[in-house]
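K.L.:
Contents of model_39.pdb (PDB, C-alpha atoms):
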ATOM      1  CA  MET A   1      -9.103 -12.051   6.016
ATOM      2  CA  ASP A   2      -6.974 -13.597   8.708
ATOM      3  CA  ALA A   3      -6.593 -10.452  10.802
ATOM      4  CA  ILE A   4     -10.321  -9.829  11.317
ATOM      5  CA  THR A   5     -11.357  -9.501  14.935
ATOM      6  CA  ASN A   6     -14.758 -10.819  16.007
ATOM      7  CA  ASP A   7     -15.610  -7.570  17.803
ATOM      8  CA  GLU A   8     -17.328  -5.314  15.278
ATOM      9  CA  LYS A   9     -16.624  -2.168  17.261
ATOM     10  CA  TRP A  10     -12.977  -2.364  16.137
ATOM     11  CA  LEU A  11     -13.928  -2.526  12.454
ATOM     12  CA  ILE A  12     -14.937   0.032   9.862
ATOM     13  CA  VAL A  13     -16.661  -1.979   7.120
ATOM     14  CA  GLU A  14     -17.745  -1.258   3.553
ATOM     15  CA  ASP A  15     -19.693  -3.976   1.731
ATOM     16  CA  ARG A  16     -20.457  -2.195  -1.537
ATOM     17  CA  PHE A  17     -17.815  -1.312  -4.123
ATOM     18  CA  SER A  18     -17.203   2.375  -4.713
ATOM     19  CA  ALA A  19     -14.249   4.237  -6.240
ATOM     20  CA  ILE A  20     -15.230   7.418  -4.397
ATOM     21  CA  PRO A  21     -12.478   8.352  -1.894
ATOM     22  CA  ASN A  22     -13.257   7.461   1.719
ATOM     23  CA  SER A  23     -10.895   8.814   4.353
ATOM     24  CA  ASP A  24     -12.316   6.376   6.931
ATOM     25  CA  PHE A  25     -10.104   3.661   5.434
ATOM     26  CA  SER A  26      -6.827   5.583   5.458
ATOM     27  CA  LEU A  27      -3.864   3.936   7.192
ATOM     28  CA  SER A  28      -1.226   5.700   9.255
ATOM     29  CA  ASN A  29       1.584   4.954  11.699
ATOM     30  CA  ALA A  30       1.966   8.605  12.836
ATOM     31  CA  VAL A  31       4.921   9.036  10.424
ATOM     32  CA  LEU A  32       3.347   7.986   7.135
ATOM     33  CA  LEU A  33      -0.262   8.256   5.990
ATOM     34  CA  GLN A  34      -1.735   6.320   3.090
ATOM     35  CA  LYS A  35      -5.119   7.018   1.561
ATOM     36  CA  SER A  36      -7.390   4.079   0.844
ATOM     37  CA  ASN A  37      -6.798   3.973  -2.910
ATOM     38  CA  PHE A  38      -6.753   0.578  -4.607
ATOM     39  CA  GLU A  39      -3.496  -1.189  -5.432
ATOM     40  CA  GLU A  40      -4.789  -2.364  -8.816
ATOM     41  CA  ASN A  41      -5.920  -0.119 -11.653
ATOM     42  CA  CYS A  42      -9.263   1.673 -11.410
ATOM     43  CA  THR A  43      -9.687   4.347 -14.075
ATOM     44  CA  SER A  44     -12.612   5.965 -12.251
ATOM     45  CA  GLU A  45     -10.611   6.424  -9.041
ATOM     46  CA  THR A  46      -9.701  10.073  -8.511
ATOM     47  CA  ASP A  47      -7.773  10.311  -5.258
ATOM     48  CA  ARG A  48      -4.472   8.640  -4.399
ATOM     49  CA  GLY A  49      -2.081   9.847  -1.754
ATOM     50  CA  THR A  50       0.972   8.938   0.313
ATOM     51  CA  TYR A  51       2.038  11.530   2.905
ATOM     52  CA  MET A  52       4.838  11.990   5.430
ATOM     53  CA  GLN A  53       4.765  13.770   8.780
ATOM     54  CA  GLY A  54       5.901  17.397   8.585
ATOM     55  CA  ILE A  55       6.450  17.437   4.810
ATOM     56  CA  ASN A  56       4.204  20.206   3.555
ATOM     57  CA  SER A  57       3.413  21.172  -0.010
ATOM     58  CA  PHE A  58       5.085  24.353  -1.218
ATOM     59  CA  LYS A  59       1.932  25.027  -3.263
ATOM     60  CA  SER A  60      -0.381  25.223  -0.271
ATOM     61  CA  GLU A  61      -0.880  28.203   2.034
ATOM     62  CA  ASN A  62      -2.645  25.959   4.569
ATOM     63  CA  ASN A  63       0.275  23.660   5.494
ATOM     64  CA  GLN A  64      -1.220  20.859   3.420
ATOM     65  CA  LEU A  65       0.983  17.776   3.319
ATOM     66  CA  ALA A  66       2.946  17.095   0.141
ATOM     67  CA  ILE A  67       1.997  14.011  -1.872
ATOM     68  CA  LEU A  68       4.727  11.397  -2.281
ATOM     69  CA  PRO A  69       5.051   8.785  -5.044
ATOM     70  CA  ASP A  70       2.538   5.971  -4.631
ATOM     71  CA  TRP A  71       4.113   2.888  -3.034
ATOM     72  CA  THR A  72       0.905   0.836  -3.214
ATOM     73  CA  SER A  73       0.628   0.435  -7.031
ATOM     74  CA  LEU A  74       0.303  -3.207  -8.109
ATOM     75  CA  ASN A  75      -1.463  -3.548 -11.436
ATOM     76  CA  VAL A  76      -2.674  -6.925 -12.731
ATOM     77  CA  ARG A  77      -3.033  -8.333 -16.252
ATOM     78  CA  LEU A  78      -4.812 -11.521 -17.360
ATOM     79  CA  ASN A  79      -3.083 -12.372 -20.633
ATOM     80  CA  ALA A  80      -3.290  -9.016 -22.478
ATOM     81  CA  GLU A  81      -6.264  -7.706 -20.486
ATOM     82  CA  GLN A  82      -5.449  -5.199 -17.754
ATOM     83  CA  LEU A  83      -7.591  -5.536 -14.665
ATOM     84  CA  ASP A  84      -9.575  -2.305 -14.330
ATOM     85  CA  LEU A  85     -12.072  -2.222 -11.478
ATOM     86  CA  ALA A  86     -14.003   0.550 -13.244
ATOM     87  CA  THR A  87     -14.942  -1.783 -16.119
ATOM     88  CA  CYS A  88     -15.422  -5.062 -14.213
ATOM     89  CA  GLU A  89     -18.404  -6.648 -12.558
ATOM     90  CA  ILE A  90     -17.602  -6.641  -8.827
ATOM     91  CA  LEU A  91     -19.055  -9.419  -6.664
ATOM     92  CA  ASN A  92     -19.063 -10.070  -2.895
ATOM     93  CA  TYR A  93     -17.079  -6.923  -2.175
ATOM     94  CA  LYS A  94     -15.883  -6.178   1.341
ATOM     95  CA  ARG A  95     -13.357  -3.645   2.599
ATOM     96  CA  LEU A  96     -12.555  -3.146   6.238
ATOM     97  CA  LEU A  97     -10.173  -1.244   8.432
ATOM     98  CA  ASN A  98      -9.170  -3.179  11.524
ATOM     99  CA  MET A  99      -8.374  -0.427  14.039
ATOM    100  CA  GLN A 100      -7.316  -2.940  16.678
ATOM    101  CA  HIS A 101      -4.489  -4.255  14.462
ATOM    102  CA  GLY A 102      -3.816  -1.344  12.092
ATOM    103  CA  ILE A 103      -4.524  -3.375   8.945
ATOM    104  CA  LEU A 104      -6.618  -2.532   5.868
ATOM    105  CA  GLU A 105      -8.223  -5.455   4.042
ATOM    106  CA  ARG A 106     -10.277  -6.070   0.903
ATOM    107  CA  LYS A 107     -11.816  -9.210  -0.540
ATOM    108  CA  PHE A 108     -13.969  -9.493  -3.660
ATOM    109  CA  GLU A 109     -14.535 -11.284  -6.961
ATOM    110  CA  VAL A 110     -14.359  -9.685 -10.400
ATOM    111  CA  ILE A 111     -15.619 -10.696 -13.813
ATOM    112  CA  THR A 112     -13.705  -8.752 -16.452
ATOM    113  CA  ALA A 113     -14.850  -7.530 -19.861
ATOM    114  CA  GLU A 114     -13.272 -10.696 -21.322
ATOM    115  CA  LYS A 115     -15.339 -12.791 -18.848
ATOM    116  CA  ASN A 116     -12.321 -13.774 -16.792
ATOM    117  CA  HIS A 117     -13.445 -14.546 -13.241
ATOM    118  CA  ILE A 118     -11.005 -14.202 -10.339
ATOM    119  CA  GLU A 119     -11.100 -13.732  -6.576
ATOM    120  CA  VAL A 120      -8.889 -11.031  -5.064
ATOM    121  CA  SER A 121      -7.767 -10.699  -1.440
ATOM    122  CA  VAL A 122      -5.594  -7.777  -0.310
ATOM    123  CA  GLU A 123      -4.081  -6.745   3.020
ATOM    124  CA  ARG A 124      -2.029  -3.590   3.658
ATOM    125  CA  LEU A 125      -0.163  -2.240   6.661
ATOM    126  CA  LEU A 126       2.078   0.611   7.717
ATOM    127  CA  SER A 127       4.319  -0.655  10.487
ATOM    128  CA  ILE A 128       4.245   1.206  13.795
ATOM    129  CA  VAL A 129       7.226  -0.835  14.962
ATOM    130  CA  GLN A 130       9.286   0.114  11.888
ATOM    131  CA  PRO A 131       7.627   3.402  10.850
ATOM    132  CA  GLU A 132       9.536   3.663   7.562
ATOM    133  CA  ILE A 133       8.111   0.312   6.368
ATOM    134  CA  GLY A 134       4.913  -0.559   4.523
ATOM    135  CA  ALA A 135       3.808  -3.956   3.195
ATOM    136  CA  ILE A 136       1.067  -5.461   1.032
ATOM    137  CA  ARG A 137      -0.209  -9.005   0.561
ATOM    138  CA  PHE A 138      -2.023  -9.293  -2.798
ATOM    139  CA  SER A 139      -3.595 -12.656  -3.633
ATOM    140  CA  VAL A 140      -5.483 -13.764  -6.759
ATOM    141  CA  LYS A 141      -7.380 -17.049  -7.077
ATOM    142  CA  SER A 142      -8.565 -18.136 -10.516
ATOM    143  CA  ILE A 143     -12.227 -19.098 -10.711
ATOM    144  CA  ASN A 144     -12.314 -19.773 -14.466
ATOM    145  CA  PHE A 145      -9.181 -18.169 -15.949
ATOM    146  CA  THR A 146      -6.387 -20.153 -17.585
ATOM    147  CA  GLY A 147      -3.440 -18.275 -19.019
ATOM    148  CA  ARG A 148      -0.693 -15.848 -18.059
ATOM    149  CA  ILE A 149      -1.174 -13.577 -15.066
ATOM    150  CA  SER A 150       1.094 -10.553 -14.663
ATOM    151  CA  PHE A 151       1.680  -8.365 -11.606
ATOM    152  CA  LEU A 152       3.400  -4.985 -11.753
ATOM    153  CA  PRO A 153       4.541  -3.945  -8.260
ATOM    154  CA  VAL A 154       6.133  -0.502  -8.639
ATOM    155  CA  ILE A 155       6.912   2.786  -6.945
ATOM    156  CA  ASN A 156       4.741   5.070  -9.055
ATOM    157  CA  GLY A 157       5.532   8.775  -9.245
ATOM    158  CA  GLU A 158       3.404   9.371 -12.328
ATOM    159  CA  VAL A 159       0.088   9.381 -10.456
ATOM    160  CA  ASN A 160       1.151  11.670  -7.625
ATOM    161  CA  PHE A 161       3.767  14.064  -8.940
ATOM    162  CA  ASN A 162       1.594  16.715 -10.507
ATOM    163  CA  ASN A 163      -1.397  17.409 -12.657
ATOM    164  CA  SER A 164      -0.565  17.291 -16.364
ATOM    165  CA  GLU A 165      -1.561  20.964 -16.623
ATOM    166  CA  ASP A 166       0.764  21.988 -13.787
ATOM    167  CA  ASP A 167       4.109  23.463 -14.864
ATOM    168  CA  ASN A 168       5.506  23.338 -11.313
ATOM    169  CA  PRO A 169       5.708  19.746 -10.088
ATOM    170  CA  GLU A 170       6.131  19.155  -6.377
ATOM    171  CA  TRP A 171       9.248  16.997  -6.830
ATOM    172  CA  ASN A 172      12.200  16.516  -9.130
ATOM    173  CA  VAL A 173      13.342  12.952  -9.803
ATOM    174  CA  LEU A 174      16.982  12.406  -8.875
ATOM    175  CA  GLN A 175      17.071   8.712  -9.752
ATOM    176  CA  SER A 176      14.829   5.855 -10.858
ATOM    177  CA  LYS A 177      16.659   2.558 -10.519
ATOM    178  CA  THR A 178      15.729  -1.127 -10.693
ATOM    179  CA  LEU A 179      18.198  -3.857  -9.774
ATOM    180  CA  SER A 180      17.636  -7.614  -9.807
ATOM    181  CA  ASP A 181      15.794  -7.736  -6.474
ATOM    182  CA  VAL A 182      15.059  -4.162  -5.384
ATOM    183  CA  ALA A 183      13.947  -0.908  -7.017
ATOM    184  CA  HIS A 184      13.857   2.689  -5.826
ATOM    185  CA  LEU A 185      12.662   6.163  -6.744
ATOM    186  CA  TRP A 186      14.734   9.034  -5.309
ATOM    187  CA  ILE A 187      13.185  12.502  -5.358
ATOM    188  CA  GLN A 188      13.817  16.045  -4.121
ATOM    189  CA  THR A 189      11.497  18.977  -3.492
ATOM    190  CA  ARG A 190      11.777  21.707  -6.095
ATOM    191  CA  LYS A 191      12.232  24.610  -3.683
ATOM    192  CA  THR A 192      14.346  22.994  -0.961
ATOM    193  CA  ASN A 193      16.979  20.282  -0.714
ATOM    194  CA  PHE A 194      14.628  17.894   1.100
ATOM    195  CA  GLN A 195      14.847  14.387  -0.326
ATOM    196  CA  VAL A 196      12.836  11.163  -0.115
ATOM    197  CA  CYS A 197      13.725   7.694  -1.341
ATOM    198  CA  GLU A 198      11.092   4.971  -1.691
ATOM    199  CA  ALA A 199      12.428   1.456  -2.261
ATOM    200  CA  MET A 200      10.577  -1.814  -2.857
ATOM    201  CA  THR A 201      11.080  -5.518  -3.266
ATOM    202  CA  TYR A 202       8.733  -8.502  -3.510
ATOM    203  CA  ASP A 203       8.026 -12.181  -2.939
ATOM    204  CA  LEU A 204       5.930 -14.289  -5.320
ATOM    205  CA  PHE A 205       4.092 -17.499  -4.401
ATOM    206  CA  LYS A 206       1.886 -19.915  -6.352
ATOM    207  CA  ASN A 207      -0.258 -22.364  -4.405
ATOM    208  CA  ASN A 208       1.856 -21.596  -1.306
ATOM    209  CA  ALA A 209       5.153 -22.443  -3.064
ATOM    210  CA  GLN A 210       7.660 -19.637  -3.629
ATOM    211  CA  ILE A 211       8.452 -18.817  -7.266
ATOM    212  CA  LYS A 212      12.006 -17.689  -7.991
ATOM    213  CA  TYR A 213      12.999 -16.302 -11.391
ATOM    214  CA  ASN A 214      14.432 -13.213 -13.033
ATOM    215  CA  PRO A 215      11.648 -10.605 -13.340
ATOM    216  CA  THR A 216      11.342  -7.982 -16.051
ATOM    217  CA  LYS A 217      12.682  -4.693 -14.724
ATOM    218  CA  ILE A 218      10.599  -1.527 -14.963
ATOM    219  CA  GLU A 219      12.714   1.623 -14.930
ATOM    220  CA  LYS A 220      11.097   4.821 -16.225
ATOM    221  CA  GLN A 221      11.666   8.457 -15.292
ATOM    222  CA  LYS A 222       9.045   8.390 -12.539
ATOM    223  CA  VAL A 223       8.400   4.660 -12.092
ATOM    224  CA  ALA A 224      10.597   1.857 -10.755
ATOM    225  CA  GLY A 225       9.683  -1.770 -10.107
ATOM    226  CA  PHE A 226       9.063  -5.144 -11.692
ATOM    227  CA  SER A 227       6.816  -7.166 -13.968
ATOM    228  CA  LEU A 228       6.123 -10.646 -12.556
ATOM    229  CA  VAL A 229       4.527 -13.238 -14.855
ATOM    230  CA  THR A 230       3.399 -16.799 -14.218
ATOM    231  CA  ASP A 231       0.899 -19.311 -15.575
ATOM    232  CA  ILE A 232      -2.356 -19.864 -13.740
ATOM    233  CA  LYS A 233      -5.311 -22.186 -14.197
ATOM    234  CA  GLU A 234      -8.702 -22.651 -12.588
ATOM    235  CA  GLY A 235      -8.298 -23.178  -8.842
ATOM    236  CA  ASP A 236      -4.736 -21.835  -8.637
ATOM    237  CA  THR A 237      -3.822 -19.012  -6.249
ATOM    238  CA  VAL A 238      -0.948 -16.609  -6.882
ATOM    239  CA  CYS A 239       0.184 -14.236  -4.131
ATOM    240  CA  VAL A 240       2.508 -11.234  -4.345
ATOM    241  CA  TYR A 241       4.039  -9.705  -1.234
ATOM    242  CA  LYS A 242       5.293  -6.132  -1.647
ATOM    243  CA  PHE A 243       7.749  -4.683   0.885
ATOM    244  CA  VAL A 244       8.505  -0.950   0.836
ATOM    245  CA  SER A 245      10.695   1.490   2.750
ATOM    246  CA  ILE A 246      10.202   5.266   2.680
ATOM    247  CA  LEU A 247      13.154   7.282   3.988
ATOM    248  CA  ASN A 248      13.793  11.025   4.097
ATOM    249  CA  SER A 249      16.810  13.306   4.424
ATOM    250  CA  ASN A 250      15.696  14.709   7.785
ATOM    251  CA  ALA A 251      16.349  11.293   9.325
ATOM    252  CA  HIS A 252      19.222  10.077   7.133
ATOM    253  CA  SER A 253      22.183  11.622   5.353
ATOM    254  CA  TYR A 254      21.886  12.377   1.648
ATOM    255  CA  ASN A 255      24.746  10.109   0.629
ATOM    256  CA  GLU A 256      23.234   6.994   2.246
ATOM    257  CA  LEU A 257      19.571   7.571   1.450
ATOM    258  CA  THR A 258      19.197   5.255  -1.556
ATOM    259  CA  THR A 259      21.452   2.510  -0.206
ATOM    260  CA  LEU A 260      19.731   2.470   3.175
ATOM    261  CA  ALA A 261      16.244   2.565   1.648
ATOM    262  CA  CYS A 262      17.038  -0.503  -0.465
ATOM    263  CA  GLU A 263      18.584  -2.297   2.515
ATOM    264  CA  LYS A 264      15.525  -1.620   4.674
ATOM    265  CA  ALA A 265      13.128  -2.874   1.983
ATOM    266  CA  LEU A 266      15.139  -6.083   1.635
ATOM    267  CA  GLN A 267      15.268  -6.473   5.415
ATOM    268  CA  ALA A 268      11.465  -6.156   5.567
ATOM    269  CA  LYS A 269      11.250  -8.954   2.997
ATOM    270  CA  HIS A 270      13.610 -11.041   5.124
ATOM    271  CA  THR A 271      11.403 -10.368   8.161
ATOM    272  CA  GLY A 272       8.418 -11.525   6.127
ATOM    273  CA  TRP A 273       4.755 -10.634   5.969
ATOM    274  CA  ASN A 274       3.604 -12.807   8.861
ATOM    275  CA  GLU A 275       6.152 -11.409  11.304
ATOM    276  CA  LEU A 276       5.452  -7.825  10.222
ATOM    277  CA  VAL A 277       1.749  -8.458  10.913
ATOM    278  CA  ASP A 278       2.440 -10.089  14.277
ATOM    279  CA  GLU A 279       4.722  -7.320  15.527
ATOM    280  CA  ASN A 280       2.220  -4.701  14.338
ATOM    281  CA  ILE A 281      -0.630  -6.426  16.202
ATOM    282  CA  HIS A 282       1.396  -6.611  19.423
ATOM    283  CA  ALA A 283       2.468  -2.962  19.159
ATOM    284  CA  TRP A 284      -1.103  -1.818  18.538
ATOM    285  CA  ALA A 285      -2.257  -3.908  21.504
ATOM    286  CA  ALA A 286       0.213  -2.061  23.740
ATOM    287  CA  LYS A 287      -1.047   1.281  22.451
ATOM    288  CA  TRP A 288      -4.660   0.348  23.065
ATOM    289  CA  ASP A 289      -3.828  -0.980  26.550
ATOM    290  CA  SER A 290      -2.271   2.358  27.473
ATOM    291  CA  ILE A 291      -5.477   4.103  26.399
ATOM    292  CA  THR A 292      -8.061   1.729  27.848
ATOM    293  CA  ASN A 293      -6.294   1.670  31.231
ATOM    294  CA  ASN A 294      -7.531   5.246  31.683
ATOM    295  CA  PHE A 295     -11.189   4.203  31.383
ATOM    296  CA  ASP A 296     -13.403   2.291  33.775
ATOM    297  CA  GLU A 297     -15.691   1.059  30.998
ATOM    298  CA  PRO A 298     -14.850  -0.551  27.630
ATOM    299  CA  LEU A 299     -14.418   1.948  24.816
ATOM    300  CA  SER A 300     -17.362   2.504  22.502
ATOM    301  CA  LYS A 301     -16.855   2.346  18.736
ATOM    302  CA  GLU A 302     -17.031   6.147  18.543
ATOM    303  CA  GLU A 303     -14.310   6.439  21.197
ATOM    304  CA  ILE A 304     -12.157   3.844  19.380
ATOM    305  CA  ILE A 305     -12.423   5.801  16.129
ATOM    306  CA  LYS A 306     -11.526   9.045  17.884
ATOM    307  CA  HIS A 307      -8.445   7.576  19.570
ATOM    308  CA  TYR A 308      -7.387   5.735  16.403
ATOM    309  CA  GLN A 309      -7.459   9.003  14.480
ATOM    310  CA  GLN A 310      -5.453  10.742  17.212
ATOM    311  CA  ILE A 311      -2.822   7.980  17.176
ATOM    312  CA  CYS A 312      -2.518   8.211  13.404
ATOM    313  CA  SER A 313      -2.620  11.995  12.994
ATOM    314  CA  LEU A 314       0.202  13.662  11.073
ATOM    315  CA  LYS A 315       1.415  17.209  11.607
TER     316      LYS A 315
END
Would you encode the structure as structure tokens?

P.N.:
Amino acid sequence: MDAITNDEKWLIVEDRFSAIPNSDFSLSNAVLLQKSNFEENCTSETDRGTYMQGINSFKSENNQLAILPDWTSLNVRLNAEQLDLATCEILNYKRLLNMQHGILERKFEVITAEKNHIEVSVERLLSIVQPEIGAIRFSVKSINFTGRISFLPVINGEVNFNNSEDDNPEWNVLQSKTLSDVAHLWIQTRKTNFQVCEAMTYDLFKNNAQIKYNPTKIEKQKVAGFSLVTDIKEGDTVCVYKFVSILNSNAHSYNELTTLACEKALQAKHTGWNELVDENIHAWAAKWDSITNNFDEPLSKEEIIKHYQQICSLK
């Protein structure tokens, strides 16, 4: 967890695994808000949510924000076994929100039903410098597993569109498209002409060396993305970087929405994870400086949480 600060007052920490939703670990950049759901599969998890400022659900009388397709989905398979946190033994679990840097982190080990033992490290951010950009670093180290490891980074509309018993979904899908290096899901609200396009691309590394090959494309009605497969043995580490843009028709014209979303996702990949983290840290530092300059004493943890929530609030 490279971004951890030594000052505990900036951290919200959880050291016991639970699939129960916890809003304390939500991320936001004041334009987008992402709940703290897991990237990988967890069949006992009940609450996933990506939201955008000012985009309310037509089903709610209380101006509740509409749920967008999930940009965080990144399922993992070990040979034919899908990683499911609900059925694994979880060891050494830690999740923390670094409010000083605006980064959510998890690190843990899992032993699957097939006795495959791996170590997982995940970092997630929503950029406050580029508020239409989100990024994830997802790393797996093999403790005892030898075989084929698969990653499925996708834009997933199936989990967030509507309940299976609901005849009035929030969104209609205009296009699900996967090209060689970028994929997007383009949607429109049912009762207005408001549109959103989420686009994603990726980088794949093994033992710090970039892997380049033609991935398997995933292109379903409500899902767009890739299947990335590589061999792994005991001691190897494979890391997937996921870069996502989320654009809407209030900020961009309809006829350029998909093209621009794909361009911005690819540009985020070109910028790279490390630079996105660095610019986010510097921007958060400026925000915190502007707040702390109004106080004679250092902020308490309670005051930090209050101001963090105010910075991140969506209307």

K.L.:
To one decimal place in Å, what is the distance between atom CA of A:Glu119 and atom CA of A:Asn75?

P.N.:
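Going from atom CA of A:Glu119 over to atom CA of A:Asn75, I get 14.8 Å.
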
K.L.:
Return as a PyMOL selection string the set of residues that the PyMOL selection byres ((chain A and resi 135-140) around 7) yields on the displayed structure.

P.N.:
chain A and resi 118-126+133-134+141-142+237-244

K.L.:
Please write the residues picked by the PyMOL selection byres ((chain A and resi 35) around 7) on this file as JSON, numbers by chain.

P.N.:
{"A": [23, 26, 27, 33, 34, 36, 37, 48, 49, 50]}

K.L.:
Have a look at A:Leu65, A:Leu152, A:Leu204, A:Leu266 and name the one nearest to A:Ala224; count all atoms listed in the file.

P.N.:
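Going through A:Leu65, A:Leu152, A:Leu204, A:Leu266 one by one, the smallest distance to A:Ala224 is for A:Leu152.
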
K.L.:
With the file shown as input, list the residues that the PyMOL selection byres ((chain A and resi 194-202) around 8) selects, as a ChimeraX atom specification.

P.N.:
/A:69,71,153-155,181-189,192-193,203-204,225,240-250,254,257-258,261-262,265-266,269

K.L.:
Write a file of the just-selected residues containing C-alpha atoms, as an mmCIF file, keeping the file's coordinate frame.

P.N.:
data_model
loop_
_atom_site.group_PDB
_atom_site.id
_atom_site.type_symbol
_atom_site.label_atom_id
_atom_site.label_comp_id
_atom_site.auth_asym_id
_atom_site.auth_seq_id
_atom_site.Cartn_x
_atom_site.Cartn_y
_atom_site.Cartn_z
ATOM 1 C CA PRO A 69 5.051 8.785 -5.044
ATOM 2 C CA TRP A 71 4.113 2.888 -3.034
ATOM 3 C CA PRO A 153 4.541 -3.945 -8.260
ATOM 4 C CA VAL A 154 6.133 -0.502 -8.639
ATOM 5 C CA ILE A 155 6.912 2.786 -6.945
ATOM 6 C CA ASP A 181 15.794 -7.736 -6.474
ATOM 7 C CA VAL A 182 15.059 -4.162 -5.384
ATOM 8 C CA ALA A 183 13.947 -0.908 -7.017
ATOM 9 C CA HIS A 184 13.857 2.689 -5.826
ATOM 10 C CA LEU A 185 12.662 6.163 -6.744
ATOM 11 C CA TRP A 186 14.734 9.034 -5.309
ATOM 12 C CA ILE A 187 13.185 12.502 -5.358
ATOM 13 C CA GLN A 188 13.817 16.045 -4.121
ATOM 14 C CA THR A 189 11.497 18.977 -3.492
ATOM 15 C CA THR A 192 14.346 22.994 -0.961
ATOM 16 C CA ASN A 193 16.979 20.282 -0.714
ATOM 17 C CA ASP A 203 8.026 -12.181 -2.939
ATOM 18 C CA LEU A 204 5.930 -14.289 -5.320
ATOM 19 C CA GLY A 225 9.683 -1.770 -10.107
ATOM 20 C CA VAL A 240 2.508 -11.234 -4.345
ATOM 21 C CA TYR A 241 4.039 -9.705 -1.234
ATOM 22 C CA LYS A 242 5.293 -6.132 -1.647
ATOM 23 C CA PHE A 243 7.749 -4.683 0.885
ATOM 24 C CA VAL A 244 8.505 -0.950 0.836
ATOM 25 C CA SER A 245 10.695 1.490 2.750
ATOM 26 C CA ILE A 246 10.202 5.266 2.680
ATOM 27 C CA LEU A 247 13.154 7.282 3.988
ATOM 28 C CA ASN A 248 13.793 11.025 4.097
ATOM 29 C CA SER A 249 16.810 13.306 4.424
ATOM 30 C CA ASN A 250 15.696 14.709 7.785
ATOM 31 C CA TYR A 254 21.886 12.377 1.648
ATOM 32 C CA LEU A 257 19.571 7.571 1.450
ATOM 33 C CA THR A 258 19.197 5.255 -1.556
ATOM 34 C CA ALA A 261 16.244 2.565 1.648
ATOM 35 C CA CYS A 262 17.038 -0.503 -0.465
ATOM 36 C CA ALA A 265 13.128 -2.874 1.983
ATOM 37 C CA LEU A 266 15.139 -6.083 1.635
ATOM 38 C CA LYS A 269 11.250 -8.954 2.997
#

K.L.:
Report, in Å to a single decimal, how far apart atom CA of A:Gln175 and atom CA of A:Arg77 are.

P.N.:
27.1 Å

K.L.:
Which one is closest to A:Ile304: A:Leu11, A:Ala283, A:Leu228, A:Leu174? Count all atoms listed in the file.

P.N.:
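Nearest to A:Ile304: A:Leu11.
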
K.L.:
Show me, as a PyMOL selection string, the residues that have an atom within 8 Å of A:Ile90 when counting only C-alpha atoms, minus same-chain residues fewer than 5 positions from it.

P.N.:
chain A and resi 17+85+108-111

K.L.:
May I ask which of the residues A:Phe226, A:Tyr213, A:Phe295, A:Trp10 is the closest one to A:Gln100, counting all atoms listed in the file?

P.N.:
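Closest residue, counting all atoms listed in the file: A:Trp10.
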
K.L.:
Atom CA of A:Asp231 to atom CA of A:Phe205: how many Å, to one decimal?

P.N.:
11.8 Å

K.L.:
Taking (-2.0, -21.8, -14.2) as a centre in this file's frame and 10 Å as the limit, can you find every polymer residue with an atom that close, using all atoms listed in the file, and give them as a list in words?

P.N.:
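The distance filter leaves exactly Ser142, Phe145, Thr146, Gly147, Arg148, Ile149, Lys206, Asn207, Thr230, Asp231, Ile232, Lys233, Glu234, Gly235, Asp236, Thr237 and Val238 of chain A.
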
K.L.:
Return the single residue from A:Glu219, A:Glu256, A:Glu81, A:Glu132 that is closest to A:Thr112, with distances computed using only C-alpha atoms.

P.N.:
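Closest to A:Thr112 of all the choices is A:Glu81.
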
K.L.:
Which residues are close to A:Phe38, i.e. within 9 Å by only C-alpha atoms, leaving aside same-chain residues fewer than 2 positions away? Reply as a list in words.

P.N.:
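My reading of the contact set: Ala19, Ser36, Glu40, Asn41, Cys42, Glu45, Arg48, Thr72, Ser73 and Leu74 of chain A.
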
K.L.:
Would you compute an axis-aligned box for stretch 226-236 of chain A, covering every atom listed for it in the file with 8 Å of margin on each side, and report centre and edge lengths in Å to one decimal as JSON?

P.N.:
{"center_x": 0.2, "center_y": -14.2, "center_z": -12.1, "size_x": 33.8, "size_y": 34.0, "size_z": 22.9}

K.L.:
Between A:Leu179, A:Ser44, A:Trp288, A:Asn156, which residue has the minimum interatomic distance to A:Ile305, considering only C-alpha atoms?

P.N.:
A:Trp288

K.L.:
Write out as a PyMOL selection string the residues lying within 7 Å of A:Val13, counting only C-alpha atoms and excluding same-chain residues fewer than 2 positions away.

P.N.:
chain A and resi 11+15+95-97
